[in-house]
Structures are given as structure tokens and as C-alpha cells.
Amino acid sequence: MIDALDPEGTEIRVLNSLCRLRARDVLEIGAGNGRLTWRYAERAAFVLGLEPDDGRVGRAIAATPNALRARVEFLHADVAAVDLPPARFGVVLFSCLSDE
Amino acid sequence: MHVLHRVHRWLRPGGLVLDIHPEPEDARVEVRDRNRVTFVGPYARPAIYDNIHRARDTLAGLVGEGLFARERSTVFEVLYHFHSVDAWLAYRVERGTSTEVDAALLARARRELADTSGELLIREQMRATRYRQRHPAPH
């Protein structure tokens, strides 16, 4: 089902054109089930994905490739309440599509 | 404290915010059968348009306050592909989608897809914008 959305990879091409994510620490807000995360996480140094829906977080964790488990984390959290250290991330990513 | 003030604090000096969201306009539903594309109708999602405008206004306000600099912005299109209307509806259930789809639009899509080997396409206009953090995080 996930491949139904943007199999052309347009979104990640646009993302790459806006920012080099290589070796950056990325905070992804509204990471969902990792739809976009898997398309860039290989290049990032570390990714923390925040998602308020615990079902989606569970699916994202379950789908995390072994090769990425050391540097990709998903957290069931409300961005308005979560406690994160200051000056921790080089990039904060918000990505929202209407049918997800 | 607004979420974006929190984001400002979590960013390293000069860090980036990448904001990708739909344009506040109707998407297009089409049926494509080989090289023939038939427009089925607009996919209206008025429930999200206000949210998008509010988020843009908030970011514009923070740019005005000097917390972020708006550096680049681009509009692009993403496509959703489904082999049937039911596959689209199942996808929406799986994703917990909150927007609604007009029943008449679904009926038209079913009619257009009937007796073809075509696929259902949804075209959505998106905007991606890069902002750079400008000042030390406020406390």
C-alpha cells in the first residue's frame, strides 16, 4: 500500500534539492509510519521521528530496517509537550500529505 | 509556547526547517488507461485548507519576528496510484485519513474505471519551503 503514494519519488527529490541531509541530525515531526523517513534516513546521521498516533509509531518501529535501527528512532509524542534538548538537531522536517 | 518556538530552540544555530505540505486547493482525481487520461473530478478537502493557511500565517509571523529566514520555496506535484476505488478507500482507512471524499466523486470514479484496465490517479499540488533559524533559541 505504501508504494501507492508517490512511487515516482518526487517528494524526496524536492527534499534533496532543498537540503543536504547527509550526516545531519534530523527531527521529523509527524513521521507517521515512516513513509518518508525510509527515503532519506540512510544518509542522515540520526533521525528522531515524532508521531502522536501510537498505532503509526508501532508500525514505523516494526518496519525499521535492521541497518537503520542504530540511528533511527520513533517516539509516540505530542510535539507541543515533548521534552527535547536545545540545539540538538540540524534539520527539522515537517511533511504532511492530505491522504495520510 | 508555540510549537515553532520549540522547534527554534531544538535547532542548532543556523539549522533548517523543511516544511512540506499540500497547497490549499482541490486535488484532481483522474483515471488513466494506457495513454488516455480522464478527469473524474476535484477532490475537495476544505477541512485542511484553514489549517494550512494558519500554519503559513504562523511561519510568516516568525519570519517577521526575525526567528527564521525564508530561503527557498517550490511547488511540485505528487501522485497517488490505485488500481481501484476500493484500494484508495482501503489506503485511507489504513492511514487513518481524516478528510472526506464526496460519494458522487467515488461513483464517477467507479464508472470510469469499469471495464478498463486503467488506474486511479490523485494529483496533489504540494509546496516545500526551507527556513533557516536566525537567532539563538529564546528561553
# chains A, B, ... in the order shown; residues from 1 in each chain; ligands from 1
call {"tool": "residues_around", "arguments": {"residues": "Ala80 (chain A)", "least_positions_apart": "2", "cutoff": "12 Å", "atoms": "only C-alpha atoms", "output": "PyMOL selection string"}}
result
(chain A and resi 29-30+50-52+77-78+82-84) or (chain B and resi 1-7)
call {"tool": "write_last_selection", "arguments": {"atoms": "C-alpha atoms", "output": "PDB file, in the first residue's frame"}}
result
ATOM      1  CA  ILE A  29       7.619  15.937  13.116  1.00  0.00           C
ATOM      2  CA  GLY A  30       4.582  13.864  12.188  1.00  0.00           C
ATOM      3  CA  LEU A  50       7.787  12.162  16.449  1.00  0.00           C
ATOM      4  CA  GLU A  51       4.268  10.917  15.881  1.00  0.00           C
ATOM      5  CA  PRO A  52       1.151  11.437  18.032  1.00  0.00           C
ATOM      6  CA  ALA A  77       4.803  12.067  21.415  1.00  0.00           C
ATOM      7  CA  ASP A  78       2.930  15.320  21.079  1.00  0.00           C
ATOM      8  CA  VAL A  82       7.673  16.552  24.304  1.00  0.00           C
ATOM      9  CA  ASP A  83      10.888  17.450  26.089  1.00  0.00           C
ATOM     10  CA  LEU A  84      13.924  17.578  23.795  1.00  0.00           C
TER      11      LEU A  84
ATOM     12  CA  MET B   1       4.948  28.430  23.708  1.00  0.00           C
ATOM     13  CA  HIS B   2       4.054  27.726  20.075  1.00  0.00           C
ATOM     14  CA  VAL B   3       5.407  24.552  18.525  1.00  0.00           C
ATOM     15  CA  LEU B   4       7.577  26.583  16.175  1.00  0.00           C
ATOM     16  CA  HIS B   5       9.194  28.393  19.079  1.00  0.00           C
ATOM     17  CA  ARG B   6      10.035  24.950  20.472  1.00  0.00           C
ATOM     18  CA  VAL B   7      11.420  23.939  17.086  1.00  0.00           C
TER      19      VAL B   7
END
call {"tool": "closest_atom_pairs", "arguments": {"of": "chain A", "to": "chain B", "cutoff": "9 Å", "atoms": "only C-alpha atoms", "output": "JSON lines"}}
result
{"residue": "A:Met1", "atom": "CA", "partner": "B:Tyr91", "partner_atom": "CA", "distance": 6.5}
{"residue": "A:Ile2", "atom": "CA", "partner": "B:Tyr91", "partner_atom": "CA", "distance": 8.3}
{"residue": "A:Asp3", "atom": "CA", "partner": "B:His81", "partner_atom": "CA", "distance": 8.3}
{"residue": "A:Ala4", "atom": "CA", "partner": "B:His81", "partner_atom": "CA", "distance": 4.9}
{"residue": "A:Leu5", "atom": "CA", "partner": "B:Tyr80", "partner_atom": "CA", "distance": 4.5}
{"residue": "A:Asp6", "atom": "CA", "partner": "B:Leu79", "partner_atom": "CA", "distance": 5.1}
{"residue": "A:Pro7", "atom": "CA", "partner": "B:Leu79", "partner_atom": "CA", "distance": 7.8}
{"residue": "A:Glu8", "atom": "CA", "partner": "B:Leu79", "partner_atom": "CA", "distance": 7.9}
{"residue": "A:Gly9", "atom": "CA", "partner": "B:Val78", "partner_atom": "CA", "distance": 8.4}
{"residue": "A:Thr10", "atom": "CA", "partner": "B:Val78", "partner_atom": "CA", "distance": 6.4}
{"residue": "A:Glu11", "atom": "CA", "partner": "B:Val78", "partner_atom": "CA", "distance": 6.9}
{"residue": "A:Val14", "atom": "CA", "partner": "B:Ala128", "partner_atom": "CA", "distance": 7.5}
{"residue": "A:Leu15", "atom": "CA", "partner": "B:Ala128", "partner_atom": "CA", "distance": 7.6}
{"residue": "A:Leu18", "atom": "CA", "partner": "B:Arg130", "partner_atom": "CA", "distance": 6.6}
{"residue": "A:Cys19", "atom": "CA", "partner": "B:Arg130", "partner_atom": "CA", "distance": 8.0}
{"residue": "A:Leu27", "atom": "CA", "partner": "B:Trp10", "partner_atom": "CA", "distance": 8.9}
{"residue": "A:Gly32", "atom": "CA", "partner": "B:Arg95", "partner_atom": "CA", "distance": 8.6}
{"residue": "A:Asn33", "atom": "CA", "partner": "B:Arg95", "partner_atom": "CA", "distance": 8.7}
{"residue": "A:Arg56", "atom": "CA", "partner": "B:Arg95", "partner_atom": "CA", "distance": 8.3}
{"residue": "A:Val79", "atom": "CA", "partner": "B:Val3", "partner_atom": "CA", "distance": 6.7}
{"residue": "A:Ala80", "atom": "CA", "partner": "B:Val3", "partner_atom": "CA", "distance": 5.5}
{"residue": "A:Ala81", "atom": "CA", "partner": "B:Val3", "partner_atom": "CA", "distance": 8.8}
{"residue": "A:Leu84", "atom": "CA", "partner": "B:Trp10", "partner_atom": "CA", "distance": 6.9}
{"residue": "A:Pro85", "atom": "CA", "partner": "B:Trp10", "partner_atom": "CA", "distance": 6.3}
{"residue": "A:Pro86", "atom": "CA", "partner": "B:Trp10", "partner_atom": "CA", "distance": 4.4}
{"residue": "A:Ala87", "atom": "CA", "partner": "B:Arg12", "partner_atom": "CA", "distance": 4.0}
{"residue": "A:Arg88", "atom": "CA", "partner": "B:Trp10", "partner_atom": "CA", "distance": 5.5}
{"residue": "A:Phe89", "atom": "CA", "partner": "B:Leu11", "partner_atom": "CA", "distance": 4.9}
{"residue": "A:Gly90", "atom": "CA", "partner": "B:Gly15", "partner_atom": "CA", "distance": 4.7}
{"residue": "A:Val91", "atom": "CA", "partner": "B:Leu16", "partner_atom": "CA", "distance": 4.7}
{"residue": "A:Val92", "atom": "CA", "partner": "B:Val17", "partner_atom": "CA", "distance": 4.8}
{"residue": "A:Leu93", "atom": "CA", "partner": "B:Leu18", "partner_atom": "CA", "distance": 4.8}
{"residue": "A:Phe94", "atom": "CA", "partner": "B:Asp19", "partner_atom": "CA", "distance": 4.8}
{"residue": "A:Ser95", "atom": "CA", "partner": "B:Ile20", "partner_atom": "CA", "distance": 4.6}
{"residue": "A:Cys96", "atom": "CA", "partner": "B:His21", "partner_atom": "CA", "distance": 4.9}
{"residue": "A:Leu97", "atom": "CA", "partner": "B:His21", "partner_atom": "CA", "distance": 6.0}
{"residue": "A:Ser98", "atom": "CA", "partner": "B:Pro22", "partner_atom": "CA", "distance": 6.7}
{"residue": "A:Asp99", "atom": "CA", "partner": "B:Thr97", "partner_atom": "CA", "distance": 5.6}
{"residue": "A:Glu100", "atom": "CA", "partner": "B:Arg95", "partner_atom": "CA", "distance": 4.9}
call {"tool": "write_last_selection", "arguments": {"atoms": "N, CA and C atoms", "output": "short mmCIF file (atom, residue, chain, number, x, y, z; two decimals), in the first residue's frame"}}
result
data_model
loop_
_atom_site.label_atom_id
_atom_site.label_comp_id
_atom_site.auth_asym_id
_atom_site.auth_seq_id
_atom_site.Cartn_x
_atom_site.Cartn_y
_atom_site.Cartn_z
N MET A 1 0.81 -1.21 0.00
CA MET A 1 0.00 0.00 0.00
C MET A 1 0.85 1.27 0.00
N ILE A 2 1.96 1.25 0.74
CA ILE A 2 2.76 2.47 0.87
C ILE A 2 3.25 2.92 -0.50
N ASP A 3 3.53 1.99 -1.40
CA ASP A 3 4.03 2.37 -2.71
C ASP A 3 2.99 3.08 -3.55
N ALA A 4 1.74 3.11 -3.10
CA ALA A 4 0.71 3.82 -3.84
C ALA A 4 0.99 5.31 -3.86
N LEU A 5 1.70 5.79 -2.89
CA LEU A 5 1.95 7.22 -2.77
C LEU A 5 3.31 7.59 -3.35
N ASP A 6 3.28 8.41 -4.37
CA ASP A 6 4.48 9.00 -4.95
C ASP A 6 5.56 7.96 -5.28
N PRO A 7 5.21 6.93 -6.04
CA PRO A 7 6.26 5.97 -6.42
C PRO A 7 7.31 6.62 -7.32
N GLU A 8 6.96 7.77 -7.92
CA GLU A 8 7.92 8.49 -8.76
C GLU A 8 9.05 9.11 -7.94
N GLY A 9 8.84 9.23 -6.62
CA GLY A 9 9.87 9.80 -5.76
C GLY A 9 10.04 11.30 -5.89
N THR A 10 8.99 11.98 -6.30
CA THR A 10 9.09 13.44 -6.49
C THR A 10 9.37 14.16 -5.17
N GLU A 11 8.66 13.74 -4.13
CA GLU A 11 8.81 14.43 -2.85
C GLU A 11 10.25 14.36 -2.33
N VAL A 14 12.55 16.65 -4.30
CA VAL A 14 12.40 18.05 -3.89
C VAL A 14 13.10 18.27 -2.55
N LEU A 15 12.91 17.34 -1.64
CA LEU A 15 13.56 17.45 -0.32
C LEU A 15 15.08 17.53 -0.49
N LEU A 18 16.36 20.84 -1.63
CA LEU A 18 16.29 21.93 -0.66
C LEU A 18 17.36 21.83 0.41
N CYS A 19 17.84 20.62 0.66
CA CYS A 19 18.73 20.45 1.82
C CYS A 19 19.54 19.18 1.69
N LEU A 27 15.14 15.90 13.01
CA LEU A 27 13.91 15.70 13.77
C LEU A 27 12.76 15.75 12.77
N GLY A 32 4.53 9.73 11.02
CA GLY A 32 3.59 8.71 10.57
C GLY A 32 4.17 7.33 10.73
N ASN A 33 3.99 6.51 9.71
CA ASN A 33 4.54 5.15 9.78
C ASN A 33 5.90 5.05 9.09
N ARG A 56 0.59 4.24 14.47
CA ARG A 56 1.55 4.53 13.40
C ARG A 56 2.99 4.36 13.90
N VAL A 79 4.21 16.96 19.85
CA VAL A 79 5.30 17.91 19.68
C VAL A 79 5.14 19.13 20.58
N ALA A 80 3.90 19.40 20.99
CA ALA A 80 3.67 20.56 21.86
C ALA A 80 4.07 20.28 23.30
N ALA A 81 4.34 19.02 23.63
CA ALA A 81 4.63 18.67 25.03
C ALA A 81 5.95 17.94 25.22
N LEU A 84 12.72 17.90 24.56
CA LEU A 84 13.92 17.58 23.80
C LEU A 84 15.01 18.58 24.14
N PRO A 85 16.26 18.16 24.03
CA PRO A 85 17.35 19.09 24.40
C PRO A 85 17.48 20.23 23.41
N PRO A 86 17.87 21.40 23.88
CA PRO A 86 18.08 22.52 22.97
C PRO A 86 19.27 22.29 22.05
N ALA A 87 19.18 22.89 20.88
CA ALA A 87 20.27 22.85 19.89
C ALA A 87 20.72 21.42 19.58
N ARG A 88 19.78 20.52 19.47
CA ARG A 88 20.10 19.11 19.25
C ARG A 88 20.13 18.74 17.76
N PHE A 89 19.32 19.44 16.93
CA PHE A 89 19.11 18.99 15.56
C PHE A 89 19.59 20.03 14.54
N GLY A 90 20.10 19.49 13.42
CA GLY A 90 20.49 20.38 12.33
C GLY A 90 19.35 20.67 11.39
N VAL A 91 18.37 19.75 11.35
CA VAL A 91 17.23 19.90 10.44
C VAL A 91 15.97 19.45 11.15
N VAL A 92 14.92 20.23 11.01
CA VAL A 92 13.58 19.81 11.46
C VAL A 92 12.71 19.71 10.22
N LEU A 93 12.08 18.56 10.05
CA LEU A 93 11.30 18.29 8.85
C LEU A 93 9.83 18.10 9.22
N PHE A 94 8.99 18.90 8.58
CA PHE A 94 7.53 18.70 8.65
C PHE A 94 7.10 18.22 7.27
N SER A 95 6.46 17.08 7.19
CA SER A 95 5.91 16.69 5.90
C SER A 95 4.53 16.13 6.10
N CYS A 96 3.59 16.68 5.39
CA CYS A 96 2.20 16.29 5.57
C CYS A 96 1.55 16.17 4.21
N LEU A 97 0.96 15.03 3.92
CA LEU A 97 0.13 14.90 2.73
C LEU A 97 -1.30 14.71 3.19
N SER A 98 -2.24 15.10 2.37
CA SER A 98 -3.61 15.13 2.87
C SER A 98 -4.22 13.75 3.03
N ASP A 99 -3.77 12.78 2.25
CA ASP A 99 -4.39 11.46 2.33
C ASP A 99 -3.54 10.50 3.16
N GLU A 100 -3.10 10.96 4.29
CA GLU A 100 -2.37 10.04 5.18
C GLU A 100 -2.70 10.35 6.60
#
call {"tool": "select_by_dssp", "arguments": {"residues": "chain B", "states": "alpha helix (DSSP H)", "output": "number ranges by chain"}}
result
B: 3-10, 46-64, 85-95, 103-113
call {"tool": "residues_around", "arguments": {"residues": "Arg71 (chain A)", "least_positions_apart": "4", "cutoff": "10 Å", "atoms": "only C-alpha atoms", "output": "number ranges by chain"}}
result
A: 25, 41-42, 44-48, 67
call {"tool": "write_last_selection", "arguments": {"atoms": "N, CA and C atoms", "output": "PDB file, in the first residue's frame"}}
result
ATOM      1  N   ASP A  25      21.666  15.530  11.940  1.00  0.00           N
ATOM      2  CA  ASP A  25      20.694  15.011  12.890  1.00  0.00           C
ATOM      3  C   ASP A  25      19.349  15.632  12.552  1.00  0.00           C
ATOM      4  N   ALA A  41      16.635   8.369   5.451  1.00  0.00           N
ATOM      5  CA  ALA A  41      17.337   8.085   6.707  1.00  0.00           C
ATOM      6  C   ALA A  41      18.732   7.505   6.501  1.00  0.00           C
ATOM      7  N   GLU A  42      18.935   6.817   5.401  1.00  0.00           N
ATOM      8  CA  GLU A  42      20.233   6.207   5.163  1.00  0.00           C
ATOM      9  C   GLU A  42      21.354   7.249   5.143  1.00  0.00           C
ATOM     10  N   ALA A  44      21.212  10.335   6.699  1.00  0.00           N
ATOM     11  CA  ALA A  44      21.292  11.168   7.901  1.00  0.00           C
ATOM     12  C   ALA A  44      22.179  10.502   8.951  1.00  0.00           C
ATOM     13  N   ALA A  45      22.680  11.329   9.873  1.00  0.00           N
ATOM     14  CA  ALA A  45      23.458  10.771  10.980  1.00  0.00           C
ATOM     15  C   ALA A  45      22.525  10.135  12.000  1.00  0.00           C
ATOM     16  N   PHE A  46      21.402  10.801  12.239  1.00  0.00           N
ATOM     17  CA  PHE A  46      20.435  10.330  13.227  1.00  0.00           C
ATOM     18  C   PHE A  46      19.081  10.930  12.873  1.00  0.00           C
ATOM     19  N   VAL A  47      18.027  10.142  13.086  1.00  0.00           N
ATOM     20  CA  VAL A  47      16.666  10.628  12.850  1.00  0.00           C
ATOM     21  C   VAL A  47      15.808  10.304  14.067  1.00  0.00           C
ATOM     22  N   LEU A  48      15.133  11.315  14.567  1.00  0.00           N
ATOM     23  CA  LEU A  48      14.103  11.093  15.576  1.00  0.00           C
ATOM     24  C   LEU A  48      12.769  11.454  14.937  1.00  0.00           C
ATOM     25  N   ALA A  67      19.413  -2.299   9.420  1.00  0.00           N
ATOM     26  CA  ALA A  67      20.584  -1.455   9.163  1.00  0.00           C
ATOM     27  C   ALA A  67      20.402  -0.035   9.691  1.00  0.00           C
TER      28      ALA A  67
END
call {"tool": "atom_distance", "arguments": {"atom1": "CA of Ala109 (chain B)", "atom2": "CA of Arg36 (chain B)"}}
result
14.6 Å
call {"tool": "closest_residue", "arguments": {"among": "B:Val37, B:Leu62, B:Val85, B:Ala69", "to": "Leu106 (chain B)", "atoms": "only C-alpha atoms"}}
result
B:Val85
call {"tool": "select_by_dssp", "arguments": {"residues": "region 32-87 of chain A", "states": "strand (DSSP E)", "output": "list in words"}}
result
Phe46, Val47, Leu48, Gly49, Leu50, Glu51, Val72, Glu73, Phe74, Leu75 and His76 of chain A
